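Content type compact mmCIF, C-alpha atoms, from the file final10.txt:
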# COMPACT_ATOMS: atom_id res chain seq x y z
CA MET A 1 -4.35 33.77 -7.92
CA VAL A 2 -3.23 32.26 -4.61
CA ASN A 3 -3.52 28.54 -4.10
CA PRO A 4 -5.71 28.08 -0.97
CA ALA A 5 -3.74 24.97 0.03
CA LEU A 6 -0.53 27.00 0.19
CA SER A 7 -1.85 30.23 1.68
CA SER A 8 -1.06 30.88 5.33
CA PRO A 9 -3.72 29.89 7.84
CA SER A 10 -5.27 32.72 9.79
CA PRO A 11 -4.42 33.08 13.50
CA THR A 12 -7.98 32.04 14.37
CA GLU A 13 -7.65 28.65 12.65
CA GLY A 14 -6.80 25.65 14.79
CA GLY A 15 -3.66 23.58 15.05
CA SER A 16 -4.87 21.06 12.46
CA ALA A 17 -5.10 23.82 9.82
CA ARG A 18 -1.56 24.95 10.65
CA LEU A 19 -0.34 21.36 10.47
CA ARG A 20 -2.02 20.83 7.06
CA HIS A 21 -0.47 24.08 5.81
CA ARG A 22 2.97 23.03 7.06
CA LEU A 23 2.65 19.60 5.40
CA ALA A 24 1.53 21.21 2.14
CA SER A 25 4.50 23.58 2.20
CA LEU A 26 7.12 20.89 2.81
CA PRO A 27 9.43 20.02 -0.10
CA ARG A 28 8.46 16.82 -1.87
CA ASP A 29 11.46 14.91 -0.51
CA ALA A 30 10.49 15.76 3.07
CA ARG A 31 6.83 14.85 2.48
CA ASP A 32 7.75 11.54 0.86
CA THR A 33 10.22 10.74 3.64
CA LEU A 34 7.62 11.42 6.33
CA PHE A 35 5.12 9.19 4.52
CA LEU A 36 7.70 6.41 4.19
CA LEU A 37 8.55 6.66 7.91
CA LEU A 38 4.85 6.36 8.77
CA VAL A 39 4.60 3.28 6.54
CA ILE A 40 7.67 1.74 8.21
CA ALA A 41 6.00 2.26 11.60
CA VAL A 42 2.96 0.37 10.26
CA VAL A 43 5.26 -2.37 8.92
CA LEU A 44 6.90 -2.80 12.33
CA ALA A 45 3.70 -2.54 14.39
CA PRO A 46 2.78 -6.27 14.21
CA GLN A 47 6.27 -7.12 15.49
CA VAL A 48 6.27 -4.90 18.59
CA ASP A 49 4.97 -7.51 21.03
CA ARG A 50 7.55 -10.06 19.82
CA LEU A 51 10.60 -7.79 19.80
CA PRO A 52 12.62 -6.98 22.90
CA ALA A 53 11.39 -3.76 24.52
CA TRP A 54 14.70 -2.00 23.89
CA CYS A 55 14.40 -2.79 20.16
CA SER A 56 10.89 -1.33 19.90
CA VAL A 57 11.96 1.79 21.79
CA THR A 58 15.06 2.16 19.62
CA ALA A 59 13.02 1.79 16.44
CA ALA A 60 10.50 4.40 17.62
CA VAL A 61 13.23 6.86 18.63
CA VAL A 62 15.11 6.46 15.35
CA LEU A 63 11.94 6.92 13.28
CA LEU A 64 10.96 10.02 15.28
CA TRP A 65 14.51 11.39 15.00
CA ARG A 66 14.52 10.85 11.23
CA GLY A 67 11.06 12.40 10.97
CA ALA A 68 12.25 15.48 12.87
CA MET A 69 15.20 15.78 10.47
CA ALA A 70 12.85 15.62 7.47
CA TRP A 71 10.44 18.11 9.06
CA ARG A 72 13.21 20.65 9.76
CA ASN A 73 15.18 19.82 6.60
CA ALA A 74 18.18 19.07 8.83
CA ARG A 75 21.36 17.26 7.83
CA LEU A 76 21.53 13.51 8.25
CA PRO A 77 23.86 12.12 10.94
CA ARG A 78 27.50 11.48 10.13
CA ARG A 79 28.73 8.01 9.28
CA ARG A 80 30.41 7.51 12.66
CA TRP A 81 27.01 7.80 14.39
CA LEU A 82 25.55 5.24 12.03
CA VAL A 83 28.44 2.84 12.67
CA LEU A 84 28.03 3.29 16.43
CA LEU A 85 24.28 2.63 16.23
CA LEU A 86 24.90 -0.44 14.08
CA ILE A 87 27.41 -1.85 16.56
CA LEU A 88 25.04 -1.18 19.47
CA SER A 89 22.20 -2.87 17.57
CA VAL A 90 24.25 -5.99 16.91
CA LEU A 91 25.47 -6.08 20.53
CA GLY A 92 21.94 -5.57 21.86
CA THR A 93 20.62 -8.37 19.66
CA PHE A 94 23.43 -10.66 20.79
CA ALA A 95 22.77 -9.78 24.45
CA SER A 96 19.07 -10.57 24.05
CA TYR A 97 19.41 -13.89 22.19
CA GLN A 98 23.06 -14.97 22.72
CA THR A 99 23.29 -15.09 18.92
CA ILE A 100 22.62 -12.93 15.89
CA VAL A 101 21.33 -15.79 13.74
CA GLY A 102 18.06 -17.62 14.00
CA ARG A 103 14.49 -16.50 13.55
CA GLU A 104 13.95 -14.21 16.55
CA ALA A 105 17.40 -12.65 16.47
CA GLY A 106 17.19 -12.26 12.70
CA VAL A 107 13.83 -10.47 12.86
CA THR A 108 15.12 -8.17 15.59
CA LEU A 109 18.22 -7.32 13.61
CA LEU A 110 16.18 -6.85 10.41
CA CYS A 111 13.87 -4.36 12.15
CA LEU A 112 16.83 -2.44 13.56
CA LEU A 113 18.67 -2.38 10.23
CA LEU A 114 15.51 -1.15 8.51
CA VAL A 115 15.11 1.85 10.81
CA LEU A 116 18.85 2.58 10.79
CA LYS A 117 18.83 2.64 6.98
CA THR A 118 16.40 5.56 7.12
CA LEU A 119 19.19 7.62 8.69
CA GLU A 120 21.13 7.47 5.43
CA LEU A 121 18.17 7.91 3.10
CA ARG A 122 19.72 10.29 0.56
CA ALA A 123 19.27 8.87 -2.91
CA ARG A 124 16.69 6.79 -4.75
CA ARG A 125 18.98 3.77 -4.36
CA ASP A 126 18.73 4.11 -0.56
CA ALA A 127 14.94 4.35 -0.82
CA TYR A 128 14.80 1.11 -2.80
CA VAL A 129 16.85 -0.66 -0.11
CA VAL A 130 14.37 0.60 2.50
CA PHE A 131 11.42 -0.55 0.36
CA PHE A 132 12.74 -4.06 -0.09
CA LEU A 133 13.85 -4.43 3.55
CA SER A 134 10.33 -3.34 4.48
CA PHE A 135 8.70 -5.87 2.14
CA PHE A 136 10.83 -8.58 3.74
CA ALA A 137 9.97 -7.32 7.25
CA ILE A 138 6.26 -7.54 6.39
CA LEU A 139 6.59 -11.26 5.74
CA THR A 140 8.17 -11.88 9.14
CA ALA A 141 4.88 -10.86 10.79
CA PHE A 142 3.53 -14.28 9.74
CA PHE A 143 6.28 -16.19 11.57
CA ASN A 144 4.33 -16.11 14.83
CA SER A 145 0.74 -15.47 13.79
CA GLN A 146 -1.43 -16.14 10.78
CA ALA A 147 -4.51 -14.55 12.39
CA LEU A 148 -6.92 -12.32 10.51
CA GLY A 149 -5.69 -9.26 12.42
CA THR A 150 -2.13 -9.95 11.32
CA ALA A 151 -3.31 -10.33 7.72
CA ALA A 152 -5.15 -6.99 7.93
CA ALA A 153 -2.06 -5.26 9.33
CA VAL A 154 0.10 -6.81 6.60
CA PHE A 155 -2.40 -5.70 3.93
CA LEU A 156 -2.31 -2.12 5.22
CA ALA A 157 1.51 -2.13 5.43
CA PHE A 158 1.82 -3.63 1.96
CA TRP A 159 -0.53 -1.03 0.50
CA GLY A 160 1.45 1.76 2.18
CA LEU A 161 4.75 0.41 0.89
CA LEU A 162 3.43 -0.07 -2.61
CA THR A 163 2.04 3.49 -2.50
CA ALA A 164 5.46 4.81 -1.46
CA LEU A 165 7.14 2.77 -4.21
CA VAL A 166 4.74 4.04 -6.88
CA ASN A 167 5.24 7.58 -5.59
CA ALA A 168 9.04 7.22 -5.78
CA ASN A 169 8.70 6.27 -9.45
CA MET A 170 6.80 9.47 -10.26
CA PRO A 171 9.81 11.80 -10.35
CA ALA A 172 8.18 14.84 -11.95
CA GLY A 173 6.25 17.42 -9.95
CA ARG A 174 4.48 16.72 -6.69
CA PRO A 175 1.96 13.92 -7.32
CA PRO A 176 -0.65 13.57 -4.57
CA LEU A 177 -0.31 10.51 -2.38
CA ARG A 178 -3.97 9.70 -3.14
CA LEU A 179 -3.02 9.13 -6.78
CA SER A 180 -0.14 6.82 -5.81
CA GLY A 181 -2.40 5.01 -3.34
CA GLY A 182 -5.03 4.43 -6.03
CA ILE A 183 -2.47 3.04 -8.44
CA ALA A 184 -1.11 0.80 -5.66
CA LEU A 185 -4.61 -0.57 -4.97
CA LYS A 186 -5.09 -1.31 -8.66
CA LEU A 187 -1.76 -3.14 -8.76
CA MET A 188 -2.80 -5.17 -5.70
CA ALA A 189 -6.13 -6.03 -7.35
CA VAL A 190 -4.32 -7.21 -10.49
CA GLY A 191 -1.92 -9.32 -8.42
CA ALA A 192 -4.55 -10.84 -6.11
CA PRO A 193 -5.69 -13.60 -8.52
CA VAL A 194 -2.08 -14.67 -9.01
CA MET A 195 -1.57 -14.91 -5.23
CA LEU A 196 -4.80 -16.89 -4.75
Please rewrite the model in this file as structure tokens.
Amino acid sequence: MVNPALSSPSPTEGGSARLRHRLASLPRDARDTLFLLLVIAVVLAPQVDRLPAWCSVTAAVVLLWRGAMAWRNARLPRRRWLVLLLILSVLGTFASYQTIVGREAGVTLLCLLLVLKTLELRARRDAYVVFFLSFFAILTAFFNSQALGTAAAVFLAFWGLLTALVNANMPAGRPPLRLSGGIALKLMAVGAPVML
């Protein structure tokens, strides 16, 4: 019996059906990487208006580039490209703030290092570095605003990151992201009284 989620869409079906079919047929690593990249975009979203424009554009380009590599199952860039991007990021941060230390420069560099780390996301160890950099980046959203909108964005980003972390610790098979998201919500509910 053919699984309807994996069967090919008919030519009369729309683009959304083809997209769902393509997502369902991706290897688990590619699917998980795309989800993590989406979560990183949510993590960085509250920072966009406080980062230099070149940093936001660079972060978006790197995330889209890494997403395209996951989608096509392409090879990751060579180390020399990563070193060049790192040097350019540090120089750009220094040019924007005349330093690479301090709150604003540190947040800018943290955001850049987070997206650059996705370009060498090969092993579970690399994923954990991305998770923990992302958790730290979430906290920096409160440096400039403690508004309710910021708290809502941080909640959404935290839930996404916790979902990705739970999913990464389910090594067997292809667990649905809904299952990981439900477990992440339960973990957040258990931790909420401690935080309050």
- Task: Can you pull out every residue within 12 Å of Ala127 (chain A), counting all atoms listed in the file, but drop anything in the same chain fewer than 3 positions away, and send it as a list of chain:residue names?
- Result: A:Asp29, A:Asp32, A:Thr33, A:Leu36, A:Leu37, A:Ile40, A:Leu114, A:Val115, A:Lys117, A:Thr118, A:Leu119, A:Glu120, A:Leu121, A:Arg122, A:Ala123, A:Arg124, A:Val130, A:Phe131, A:Phe132, A:Leu133, A:Ser134, A:Leu161, A:Ala164, A:Leu165, A:Val166, A:Asn167, A:Ala168, A:Asn169
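Residues lying at most 12 Å from (18.5, -11.4, 23.8) in file coordinates, with only C-alpha atoms considered, are Arg50, Leu51, Pro52, Ala53, Trp54, Cys55, Ser89, Val90, Leu91, Gly92, Thr93, Phe94, Ala95, Ser96, Tyr97, Gln98, Thr99, Ile100, Val101, Gly102, Glu104, Ala105, Gly106, Val107, Thr108 and Leu109 of chain A.
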- Hey, can you check how far CA of Gly173 (chain A) sits from CA of Asp126 (chain A)? 20.5 Å
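Relative to CA of Leu113 (chain A), CA of Trp81 (chain A) is found at 13.8 Å.
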- Mind checking which residues fall within 8 Å of region 140-142 of chain A, counting all atoms listed in the file, ignoring those fewer than 3 positions away in the same chain, and posting them as a list in words?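 Within the cut-off, the hits are Pro46, Gln47, Val107, Phe136, Ala137, Ser145, Gln146, Thr150 and Val154 of chain A.
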- Message: Give me, as a ChimeraX atom specification, all polymer residues having an atom no more than 9 Å from Gly182 (chain A), counting only C-alpha atoms and skipping those fewer than 5 positions away in the same chain.
- Response: /A:163,177,187
- Task: Counting only C-alpha atoms, select every polymer residue within 12 Å of (-3.1, -0.8, -6.4) as defined in the file's coordinates, and provide the selection as a ChimeraX atom specification.
- Result: /A:155-156,158-167,178-192
Write the residues of the preceding selection, restricted to C-alpha atoms, as a compact mmCIF listing (two decimals), keeping the file's coordinate frame.
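File produced: part_6.txt:
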# COMPACT_ATOMS: atom_id res chain seq x y z
CA PHE A 155 -2.40 -5.70 3.93
CA LEU A 156 -2.31 -2.12 5.22
CA PHE A 158 1.82 -3.63 1.96
CA TRP A 159 -0.53 -1.03 0.50
CA GLY A 160 1.45 1.76 2.18
CA LEU A 161 4.75 0.41 0.89
CA LEU A 162 3.43 -0.07 -2.61
CA THR A 163 2.04 3.49 -2.50
CA ALA A 164 5.46 4.81 -1.46
CA LEU A 165 7.14 2.77 -4.21
CA VAL A 166 4.74 4.04 -6.88
CA ASN A 167 5.24 7.58 -5.59
CA ARG A 178 -3.97 9.70 -3.14
CA LEU A 179 -3.02 9.13 -6.78
CA SER A 180 -0.14 6.82 -5.81
CA GLY A 181 -2.40 5.01 -3.34
CA GLY A 182 -5.03 4.43 -6.03
CA ILE A 183 -2.47 3.04 -8.44
CA ALA A 184 -1.11 0.80 -5.66
CA LEU A 185 -4.61 -0.57 -4.97
CA LYS A 186 -5.09 -1.31 -8.66
CA LEU A 187 -1.76 -3.14 -8.76
CA MET A 188 -2.80 -5.17 -5.70
CA ALA A 189 -6.13 -6.03 -7.35
CA VAL A 190 -4.32 -7.21 -10.49
CA GLY A 191 -1.92 -9.32 -8.42
CA ALA A 192 -4.55 -10.84 -6.11
- Task: Just give me the gap between CA of Arg78 (chain A) and CA of Arg31 (chain A) in Å, one decimal is fine.
- Result: 22.3 Å
- Note on the structure: Counting all atoms listed in the file, the residue among A:Leu116, A:Ala24, A:Ala17, A:Leu86 that lies closest to Val61 (chain A) is A:Leu116
- May I have the residues within 10 Å of Ala30 (chain A) as a ChimeraX atom specification, using only C-alpha atoms and disregarding those fewer than 4 positions away in the same chain? /A:23,25-26,34-36,67-73
Please save C-alpha atoms of the selected residues as a short mmCIF file (atom, residue, chain, number, x, y, z; two decimals), keeping the file's coordinate frame.
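Result went into again07.cif, see below:
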data_model
loop_
_atom_site.label_atom_id
_atom_site.label_comp_id
_atom_site.auth_asym_id
_atom_site.auth_seq_id
_atom_site.Cartn_x
_atom_site.Cartn_y
_atom_site.Cartn_z
CA LEU A 23 2.65 19.60 5.40
CA SER A 25 4.50 23.58 2.20
CA LEU A 26 7.12 20.89 2.81
CA LEU A 34 7.62 11.42 6.33
CA PHE A 35 5.12 9.19 4.52
CA LEU A 36 7.70 6.41 4.19
CA GLY A 67 11.06 12.40 10.97
CA ALA A 68 12.25 15.48 12.87
CA MET A 69 15.20 15.78 10.47
CA ALA A 70 12.85 15.62 7.47
CA TRP A 71 10.44 18.11 9.06
CA ARG A 72 13.21 20.65 9.76
CA ASN A 73 15.18 19.82 6.60
#
- Query: Which is closer to Arg66 (chain A) than all the others in A:Leu38, A:Ala172, A:Leu19, A:Val83, using all atoms listed in the file?
  - Reply: A:Leu38
Let me have the centre and edge lengths in Å, one decimal, of the box along x, y and z around every listed atom of region 140-147 of chain A with 4 Å of margin on each side, as lines of an AutoDock Vina configuration file.
center_x = 1.8
center_y = -13.5
center_z = 12.0
size_x = 20.7
size_y = 13.3
size_z = 13.7
